[in-house]
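**Q** If it helps, the file is called input_30.txt and holds compact mmCIF, C-alpha atoms:
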# COMPACT_ATOMS: atom_id res chain seq x y z
CA MET C 404 0.00 0.00 0.00
CA GLN C 405 2.71 2.50 0.98
CA VAL C 406 4.70 1.54 -2.12
CA GLU C 407 1.73 2.13 -4.42
CA LEU C 408 0.91 5.46 -2.78
CA ALA C 409 4.45 6.79 -3.20
CA GLN C 410 4.64 5.56 -6.79
CA LEU C 411 1.33 7.21 -7.71
CA GLU C 412 2.38 10.50 -6.11
CA TYR C 413 5.68 10.22 -7.94
CA MET C 414 3.96 9.50 -11.28
CA LEU C 415 1.21 12.13 -11.19
CA PRO C 416 3.27 15.20 -12.18
CA ARG C 417 5.05 13.15 -14.84
CA LEU C 418 1.79 11.96 -16.37
CA THR C 419 0.63 15.57 -16.45
CA ARG C 420 3.70 16.53 -18.47
CA MET C 421 3.23 13.55 -20.79
CA TRP C 422 -0.16 14.79 -21.94
CA THR C 423 0.61 18.50 -22.27
CA HIS C 424 1.71 18.03 -25.86
CA LEU C 425 -1.87 17.10 -26.75
CA GLU C 426 -3.22 20.34 -25.36
CA ARG C 427 -2.10 22.03 -28.57
CA TYR C 428 -4.95 20.26 -30.36
CA LYS C 429 -8.08 22.35 -29.86
CA ALA C 430 -11.59 20.93 -30.27
CA GLY C 431 -14.64 22.64 -31.64
CA VAL C 432 -16.76 25.10 -29.70
CA GLY C 433 -18.21 23.48 -26.57
CA MET C 434 -16.07 20.35 -27.00
CA ARG C 435 -12.92 19.17 -25.25
CA GLY C 436 -9.73 18.29 -27.04
CA PRO C 437 -8.20 14.77 -26.74
CA GLY C 438 -5.32 16.00 -24.59
CA GLU C 439 -7.58 17.73 -22.11
CA THR C 440 -9.90 14.69 -21.86
CA GLN C 441 -7.10 12.19 -21.30
CA LEU C 442 -5.32 14.45 -18.82
CA GLU C 443 -8.42 14.99 -16.71
CA THR C 444 -9.26 11.28 -16.74
CA ASP C 445 -5.77 10.32 -15.59
CA ARG C 446 -5.74 12.96 -12.89
CA ARG C 447 -9.16 11.96 -11.59
CA LEU C 448 -8.35 8.24 -11.44
CA ILE C 449 -4.96 8.71 -9.79
CA ASN C 450 -6.20 11.30 -7.28
CA HIS C 451 -9.09 8.99 -6.34
CA ARG C 452 -6.68 6.11 -5.79
CA ILE C 453 -4.36 8.32 -3.74
CA LYS C 454 -7.29 9.40 -1.54
CA LEU C 455 -8.28 5.79 -0.84
CA LEU C 456 -4.70 4.77 -0.05
CA LYS C 457 -4.21 7.70 2.32
CA GLU C 458 -7.37 6.74 4.20
CA ARG C 459 -6.13 3.17 4.53
CA LEU C 460 -2.71 4.45 5.54
CA ARG C 461 -4.18 6.42 8.45
CA GLU C 462 -5.78 3.22 9.75
CA VAL C 463 -2.51 1.35 9.38
CA GLN C 464 -0.68 4.10 11.28
CA LYS C 465 -3.15 3.78 14.17
CA SER C 466 -2.60 0.02 14.23
CA ARG C 467 1.18 0.44 14.19
CA ALA C 468 1.01 2.89 17.07
CA VAL C 469 -0.75 0.22 19.14
CA GLN C 470 1.86 -2.34 18.14
CA ARG C 471 4.71 0.00 19.10
CA SER C 472 3.20 0.64 22.52
CA GLY C 473 3.13 -3.10 23.09
CA ARG C 474 6.86 -3.30 22.32
CA ALA C 475 7.83 -0.45 24.62
CA THR C 476 9.94 -2.67 26.88
CA GLU C 477 11.92 -4.21 24.00
CA PHE C 478 15.21 -2.81 22.73
CA ARG C 479 14.52 -1.41 19.27
CA ALA C 480 16.94 -0.51 16.48
CA SER C 481 16.12 0.94 13.06
CA LEU C 482 18.09 0.68 9.83
CA VAL C 483 18.27 3.83 7.69
CA GLY C 484 20.45 4.73 4.74
CA TYR C 485 20.72 5.68 1.10
CA THR C 486 18.83 3.47 -1.34
CA ASN C 487 20.62 0.15 -2.06
CA ALA C 488 23.00 0.51 0.88
CA GLY C 489 22.05 -3.04 1.92
CA LYS C 490 19.64 -2.45 4.82
CA SER C 491 17.20 -5.18 3.78
CA SER C 492 20.05 -7.63 3.23
CA ILE C 493 21.28 -6.97 6.76
CA LEU C 494 17.80 -7.51 8.21
CA ARG C 495 17.29 -10.72 6.24
CA SER C 496 20.67 -12.13 7.26
CA LEU C 497 20.42 -11.20 10.94
CA SER C 498 16.84 -12.41 11.33
CA GLY C 499 17.23 -15.50 9.17
CA ASP C 500 13.96 -14.58 7.43
CA GLY C 501 14.36 -15.35 3.74
CA ALA C 502 11.03 -13.65 3.02
CA VAL C 503 12.51 -10.18 3.65
CA TYR C 504 12.35 -8.46 0.26
CA VAL C 505 15.73 -7.53 -1.18
CA GLN C 506 15.92 -5.82 -4.56
CA ASN C 507 18.23 -3.30 -6.21
CA GLN C 508 15.56 -0.76 -7.13
CA LEU C 509 14.13 2.58 -6.05
CA PHE C 510 11.37 2.35 -3.42
CA ALA C 511 12.00 -1.37 -2.88
CA THR C 512 11.21 -0.80 0.82
CA LEU C 513 8.64 1.77 1.84
CA ASP C 514 6.63 -0.09 4.44
CA PRO C 515 8.69 -0.52 7.62
CA LEU C 516 9.43 -4.17 8.35
CA THR C 517 10.32 -5.31 11.87
CA ARG C 518 11.83 -8.64 12.85
CA GLU C 519 13.03 -10.00 16.18
CA VAL C 520 16.73 -10.83 15.98
CA ASP C 521 18.37 -13.31 18.35
CA LEU C 522 21.84 -11.93 19.07
CA GLY C 523 22.98 -14.84 21.24
CA GLU C 524 23.99 -14.71 24.89
CA ASN C 525 20.34 -14.24 25.89
CA SER C 526 20.11 -10.94 23.99
CA ARG C 527 17.62 -9.94 21.33
CA VAL C 528 16.62 -6.82 19.45
CA LEU C 529 13.64 -5.68 17.40
CA LEU C 530 15.23 -4.54 14.13
CA THR C 531 13.29 -2.41 11.63
CA ASP C 532 14.09 -1.80 7.96
CA THR C 533 12.95 1.54 6.53
CA VAL C 534 12.81 3.38 3.23
CA GLY C 535 16.01 3.99 1.28
CA PHE C 536 16.68 7.69 0.71
CA ILE C 537 17.57 9.41 -2.54
CA ARG C 538 19.16 12.72 -3.44
CA LYS C 539 16.70 15.61 -3.72
CA LEU C 540 13.77 13.71 -2.24
CA PRO C 541 10.67 14.94 -4.12
CA HIS C 542 8.58 17.17 -1.87
CA HIS C 543 5.38 15.25 -2.62
CA LEU C 544 7.00 12.07 -1.28
CA VAL C 545 8.04 13.48 2.07
CA ALA C 546 4.64 12.85 3.68
CA SER C 547 4.62 9.27 2.48
CA PHE C 548 8.12 8.65 3.76
CA ARG C 549 7.36 10.27 7.11
CA ALA C 550 4.73 7.61 7.76
CA THR C 551 7.35 4.89 7.35
CA LEU C 552 9.73 6.55 9.81
CA ASP C 553 7.52 6.57 12.90
CA GLU C 554 9.45 3.51 14.03
CA VAL C 555 12.72 5.44 13.73
CA ASN C 556 11.58 8.21 16.05
CA GLU C 557 10.88 5.67 18.77
CA ALA C 558 13.99 3.56 18.24
CA ASP C 559 16.58 3.21 21.00
CA LEU C 560 19.30 2.98 18.35
CA LEU C 561 19.61 4.24 14.79
CA LEU C 562 21.89 2.27 12.45
CA HIS C 563 22.92 4.42 9.49
CA VAL C 564 23.90 1.88 6.82
CA ILE C 565 26.44 3.09 4.25
CA ASP C 566 27.56 1.34 1.06
CA ALA C 567 31.32 1.43 1.63
CA SER C 568 31.97 0.31 -1.95
CA HIS C 569 30.10 3.21 -3.55
CA ALA C 570 32.26 5.95 -5.03
CA THR C 571 30.08 8.71 -3.58
CA TRP C 572 29.21 7.20 -0.19
CA GLU C 573 30.23 10.41 1.61
CA GLU C 574 27.71 12.45 -0.39
CA GLN C 575 25.06 9.79 0.23
CA ARG C 576 25.72 9.93 3.97
CA ILE C 577 25.11 13.68 3.97
CA VAL C 578 21.89 13.26 1.95
CA VAL C 579 20.53 10.76 4.50
CA GLU C 580 21.38 13.06 7.40
CA GLU C 581 19.69 16.00 5.66
CA VAL C 582 16.51 14.03 4.93
CA LEU C 583 16.37 12.72 8.50
CA GLY C 584 16.64 16.30 9.70
CA GLU C 585 13.88 17.40 7.32
CA LEU C 586 11.63 14.63 8.62
CA GLY C 587 12.33 15.61 12.21
CA VAL C 588 13.88 12.28 13.18
CA GLN C 589 15.59 12.42 16.56
CA ALA C 590 17.22 9.14 17.57
CA ARG C 591 18.78 8.61 20.97
CA VAL C 592 21.94 6.99 19.59
CA VAL C 593 23.27 6.84 16.01
CA ARG C 594 25.92 4.42 14.76
CA HIS C 595 27.30 4.23 11.24
CA VAL C 596 27.43 0.78 9.68
CA PHE C 597 29.72 0.46 6.65
CA ASN C 598 28.31 -2.39 4.58
CA LYS C 599 29.65 -4.25 1.50
CA THR C 600 33.23 -4.32 2.79
CA ASP C 601 33.60 -7.60 0.87
CA LEU C 602 33.73 -5.49 -2.30
CA LEU C 603 36.82 -3.62 -1.05
CA SER C 604 40.39 -4.85 -0.90
CA PRO C 605 41.83 -5.50 2.60
CA PRO C 606 44.13 -2.44 2.37
CA ASP C 607 41.15 -0.25 1.40
CA VAL C 608 39.13 -1.56 4.35
CA GLU C 609 41.99 -0.82 6.75
CA ALA C 610 42.41 2.66 5.30
CA LEU C 611 38.68 3.30 5.70
CA ARG C 612 38.75 2.10 9.32
CA ALA C 613 41.69 4.37 10.13
CA ARG C 614 39.99 7.37 8.58
CA MET C 615 36.66 6.71 10.34
CA ASP C 616 38.39 6.49 13.72
CA SER C 617 38.53 10.28 13.68
CA LEU C 618 35.66 11.17 11.33
CA LEU C 619 32.94 8.79 12.57
CA PRO C 620 34.18 7.10 15.75
CA ASP C 621 32.71 3.73 16.78
CA SER C 622 31.63 2.89 13.24
CA VAL C 623 30.92 -0.77 12.47
CA PHE C 624 32.26 -2.51 9.35
CA VAL C 625 30.27 -5.43 7.96
CA SER C 626 29.37 -7.55 4.98
CA ALA C 627 25.82 -8.87 4.75
CA THR C 628 26.91 -11.72 2.49
CA SER C 629 27.96 -13.99 5.37
CA ASP C 630 27.30 -14.68 9.06
CA GLU C 631 30.93 -13.96 9.84
CA GLY C 632 30.72 -10.64 8.03
CA LEU C 633 27.85 -9.51 10.27
CA GLU C 634 29.40 -10.62 13.58
CA PRO C 635 30.77 -7.11 14.36
CA LEU C 636 27.22 -5.75 14.14
CA ARG C 637 25.84 -8.54 16.33
CA ALA C 638 28.51 -7.86 18.94
CA PHE C 639 27.74 -4.15 18.88
CA LEU C 640 24.00 -4.78 19.22
CA ARG C 641 24.57 -7.16 22.14
CA GLU C 642 26.57 -4.50 23.94
CA SER C 643 23.89 -1.90 23.18
CA VAL C 644 21.18 -4.14 24.63
CA ARG C 645 23.24 -4.68 27.79
CA HIS C 646 23.78 -0.96 28.19
CA HIS C 647 20.05 -0.40 27.77
CA ARG C 648 19.31 -2.99 30.44
CA PRO C 649 21.47 -2.28 33.52
CA VAL C 650 22.12 -4.94 36.17
CA ALA C 651 19.76 -5.01 39.17
CA GLU C 652 19.19 -7.31 42.13
CA LEU C 653 15.67 -8.64 42.61
CA ARG C 654 14.20 -10.46 45.60
CA ILE C 655 11.10 -12.52 44.86
CA PRO C 656 9.16 -14.97 47.05
CA VAL C 657 10.14 -18.54 46.13
CA GLY C 658 6.51 -19.47 45.58
CA ASP C 659 5.80 -16.68 43.09
CA GLY C 660 6.49 -18.68 39.94
CA LYS C 661 4.72 -16.17 37.69
CA LEU C 662 6.96 -13.31 38.77
CA LEU C 663 10.09 -15.45 38.48
CA ALA C 664 9.09 -16.49 34.97
CA ASP C 665 8.54 -12.84 34.05
CA VAL C 666 12.11 -11.98 35.11
CA HIS C 667 13.56 -14.81 33.01
CA ARG C 668 11.41 -13.86 30.04
CA SER C 669 11.99 -10.10 30.16
CA GLY C 670 15.63 -9.93 31.25
CA GLU C 671 19.00 -11.61 31.15
CA VAL C 672 19.45 -13.50 34.43
CA LEU C 673 23.12 -13.53 35.45
CA GLU C 674 22.88 -15.23 38.85
CA GLN C 675 20.24 -16.63 41.16
CA ARG C 676 20.24 -18.15 44.64
CA HIS C 677 17.95 -19.00 47.56
CA GLU C 678 17.93 -16.93 50.73
CA GLY C 679 15.31 -18.28 53.13
CA GLU C 680 11.89 -17.79 51.53
CA GLU C 681 13.24 -15.56 48.78
CA MET C 682 14.85 -16.11 45.41
CA VAL C 683 17.59 -13.54 44.81
CA LEU C 684 18.40 -12.80 41.17
CA ARG C 685 20.94 -10.55 39.44
CA ALA C 686 19.63 -9.67 36.02
CA ARG C 687 19.86 -7.16 33.21
CA ILE C 688 16.42 -5.56 32.83
CA ASP C 689 15.24 -2.27 31.36
CA ALA C 690 13.87 0.43 33.65
CA MET C 691 10.25 0.09 32.50
CA THR C 692 10.18 -3.65 33.23
CA LEU C 693 11.83 -3.08 36.61
CA GLY C 694 9.03 -0.70 37.49
CA ARG C 695 6.43 -3.29 36.54
CA LEU C 696 8.18 -6.00 38.58
CA ARG C 697 8.41 -3.68 41.57
CA ARG C 698 4.68 -2.97 41.40
CA ALA C 699 4.03 -6.72 41.21
CA GLY C 700 5.83 -7.27 44.50
CA ALA C 701 9.51 -7.74 43.68
CA LEU C 702 12.11 -5.98 45.81
CA VAL C 703 14.48 -4.22 43.42
CA ARG C 704 17.91 -2.77 44.08
CA ALA C 705 19.90 -1.22 41.24
CA GLU C 706 23.64 -1.97 41.19
For the file at hand, write its structure as structure tokens.

**A**
Amino acid sequence: MQVELAQLEYMLPRLTRMWTHLERYKAGVGMRGPGETQLETDRRLINHRIKLLKERLREVQKSRAVQRSGRATEFRASLVGYTNAGKSSILRSLSGDGAVYVQNQLFATLDPLTREVDLGENSRVLLTDTVGFIRKLPHHLVASFRATLDEVNEADLLLHVIDASHATWEEQRIVVEEVLGELGVQARVVRHVFNKTDLLSPPDVEALRARMDSLLPDSVFVSATSDEGLEPLRAFLRESVRHHRPVAELRIPVGDGKLLADVHRSGEVLEQRHEGEEMVLRARIDAMTLGRLRRAGALVRAE
């Protein structure tokens, strides 16, 4: 739906120009020329379709808002970047979902797609793929793109994916940052992910790393073509999840199996032991979940 809406909005001014050459042909008095008739028909049909899609889009946005509120306690990361930087390939490889659409074309991804990614070591992240940006984003597409970036505004981490093999990747990086600013995106943390390093020679990769140490510190260098090539990103995401979920000590009555199960499900349990009638656990849990556990009867002490 979002793809069709953006394509129709993109096509409308072009269709208008296509038919202007027929406007030179004038009809008789009280009659319309062929160019005017065809132009009005096209405009009417496309505008009607755009209206229907926008109405459906508003309903989808409401549904997504509900879904996001239900994921408030999860660590969320969003992939952004210039078109064809490899965001969808990264999502497909990390999630293991072969159904994630990957195609080298404009507007291949407009609808945000979220997948849960198991990072190992009892860590997971909700990773979202978003639209690929282009230079001089047409003004009439901004509203459509903004709807796909709601997830980005609520992400705990923004991963700016860059095609390291592209000759103009520096210009593309600036374009993405400008568009994000235009859309009002404000992420808590941004990390640059240099993808497609497999297309560079080892000396070029090392030179790029050395340069980014000062220009874009803490950048991550990956290749979505293999598990090994994405391990640096997995390691970075694991560390980000741990930082997001600080260690706390929880004391829970031994007989409260529901509360104990909630801790194991929502956090990363590091240690646990019995002390009298209590189970004492050290776990990594986000602040919102800790508040919920405290209200449910757990005694919580932050470390």

**Q** Around the point (31.8, 0.0, -1.6) (coordinates from the file), which residues reach within 6 Å if we count all atoms listed in the file? Answer as a PDB file with C-alpha atoms, keeping the file's coordinate frame.

**A**
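Output below, filename point-v5.pdb:
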ATOM      1  CA  ASP C 566      27.560   1.340   1.060  1.00  0.00           C
ATOM      2  CA  ALA C 567      31.320   1.430   1.630  1.00  0.00           C
ATOM      3  CA  SER C 568      31.970   0.310  -1.950  1.00  0.00           C
ATOM      4  CA  HIS C 569      30.100   3.210  -3.550  1.00  0.00           C
ATOM      5  CA  LYS C 599      29.650  -4.250   1.500  1.00  0.00           C
ATOM      6  CA  LEU C 602      33.730  -5.490  -2.300  1.00  0.00           C
TER       7      LEU C 602
END

**Q** Excluding stretch 479-493 of chain C and its own-chain neighbours fewer than 3 positions away, which residues fall within 7 Å of it when counting only C-alpha atoms? Please give them as a short mmCIF file (atom, residue, chain, number, x, y, z; two decimals) with C-alpha atoms, in the frame of the given file.

**A**
data_model
loop_
_atom_site.label_atom_id
_atom_site.label_comp_id
_atom_site.auth_asym_id
_atom_site.auth_seq_id
_atom_site.Cartn_x
_atom_site.Cartn_y
_atom_site.Cartn_z
CA SER C 496 20.67 -12.13 7.26
CA LEU C 497 20.42 -11.20 10.94
CA VAL C 503 12.51 -10.18 3.65
CA TYR C 504 12.35 -8.46 0.26
CA VAL C 505 15.73 -7.53 -1.18
CA ASN C 507 18.23 -3.30 -6.21
CA LEU C 509 14.13 2.58 -6.05
CA VAL C 528 16.62 -6.82 19.45
CA LEU C 529 13.64 -5.68 17.40
CA LEU C 530 15.23 -4.54 14.13
CA THR C 531 13.29 -2.41 11.63
CA ASP C 532 14.09 -1.80 7.96
CA THR C 533 12.95 1.54 6.53
CA GLY C 535 16.01 3.99 1.28
CA PHE C 536 16.68 7.69 0.71
CA ILE C 537 17.57 9.41 -2.54
CA VAL C 555 12.72 5.44 13.73
CA ALA C 558 13.99 3.56 18.24
CA ASP C 559 16.58 3.21 21.00
CA LEU C 560 19.30 2.98 18.35
CA LEU C 561 19.61 4.24 14.79
CA LEU C 562 21.89 2.27 12.45
CA HIS C 563 22.92 4.42 9.49
CA VAL C 564 23.90 1.88 6.82
CA ILE C 565 26.44 3.09 4.25
CA ASP C 566 27.56 1.34 1.06
CA GLN C 575 25.06 9.79 0.23
CA VAL C 579 20.53 10.76 4.50
CA ASN C 598 28.31 -2.39 4.58
CA ALA C 627 25.82 -8.87 4.75
#

**Q** Rank C:Arg687, C:Arg637, C:Arg697, C:Arg538 by their smallest atom-to-atom distance to C:Ser669, using all atoms listed in the file, and report the top residue only.

**A**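 Of C:Arg687, C:Arg637, C:Arg697, C:Arg538, the one nearest C:Ser669 is C:Arg687, counting all atoms listed in the file.
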
**Q** Residues at most 10 Å from stretch 616-619 of chain C, counting only C-alpha atoms, excluding those fewer than 4 positions away in the same chain, as a ChimeraX atom specification?

**A** /C:594-595,611-612,623

**Q** I'd like the interatomic distance between atom CA of C:Ala699 and atom CA of C:Arg527, to a tenth of an Å.

**A** 24.3 Å

**Q** Name all residues at most 7 Å from C:Ile655 (count all atoms listed in the file; drop same-chain ones fewer than 3 positions away) and give them as a PyMOL selection string.

**A** chain C and resi 659+681-683+701-702

**Q** Can you write out the residues you just picked, keeping C-alpha atoms, as a CSV table (one decimal), keeping the file's coordinate frame?

**A**
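Below is the file that was written, out-v3.csv:
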chain,number,residue,atom,x,y,z
C,659,ASP,CA,5.8,-16.7,43.1
C,681,GLU,CA,13.2,-15.6,48.8
C,682,MET,CA,14.8,-16.1,45.4
C,683,VAL,CA,17.6,-13.5,44.8
C,701,ALA,CA,9.5,-7.7,43.7
C,702,LEU,CA,12.1,-6.0,45.8

**Q** One number please: atom CA of C:Glu609 to atom CA of C:Leu494, in Å, one decimal.

**A** 25.1 Å

**Q** Please report the interatomic distance between atom CA of C:Ala690 and atom CA of C:Gly584 in Å with one decimal.

**A**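 Going from atom CA of C:Ala690 over to atom CA of C:Gly584 covers 28.9 Å.
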
**Q** For C:Asn525, please output as a ChimeraX atom specification all residues within 12 Å (counting only C-alpha atoms; exclusion window: fewer than 5 positions along the same chain).

**A** /C:520,641-642,644-645,667-673,686-688

**Q** May I have the residues from that selection written out with C-alpha atoms, as an mmCIF file, in the frame of the given file?

**A**
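Final output, result37.cif:
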data_model
loop_
_atom_site.group_PDB
_atom_site.id
_atom_site.type_symbol
_atom_site.label_atom_id
_atom_site.label_comp_id
_atom_site.auth_asym_id
_atom_site.auth_seq_id
_atom_site.Cartn_x
_atom_site.Cartn_y
_atom_site.Cartn_z
ATOM 1 C CA VAL C 520 16.730 -10.830 15.980
ATOM 2 C CA ARG C 641 24.570 -7.160 22.140
ATOM 3 C CA GLU C 642 26.570 -4.500 23.940
ATOM 4 C CA VAL C 644 21.180 -4.140 24.630
ATOM 5 C CA ARG C 645 23.240 -4.680 27.790
ATOM 6 C CA HIS C 667 13.560 -14.810 33.010
ATOM 7 C CA ARG C 668 11.410 -13.860 30.040
ATOM 8 C CA SER C 669 11.990 -10.100 30.160
ATOM 9 C CA GLY C 670 15.630 -9.930 31.250
ATOM 10 C CA GLU C 671 19.000 -11.610 31.150
ATOM 11 C CA VAL C 672 19.450 -13.500 34.430
ATOM 12 C CA LEU C 673 23.120 -13.530 35.450
ATOM 13 C CA ALA C 686 19.630 -9.670 36.020
ATOM 14 C CA ARG C 687 19.860 -7.160 33.210
ATOM 15 C CA ILE C 688 16.420 -5.560 32.830
#

**Q** With all atoms listed in the file as the atoms that count, which of C:Pro656, C:Ser526, C:Phe624, C:His647 lies nearest to C:Met691?

**A**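 Nearest to C:Met691: C:His647.
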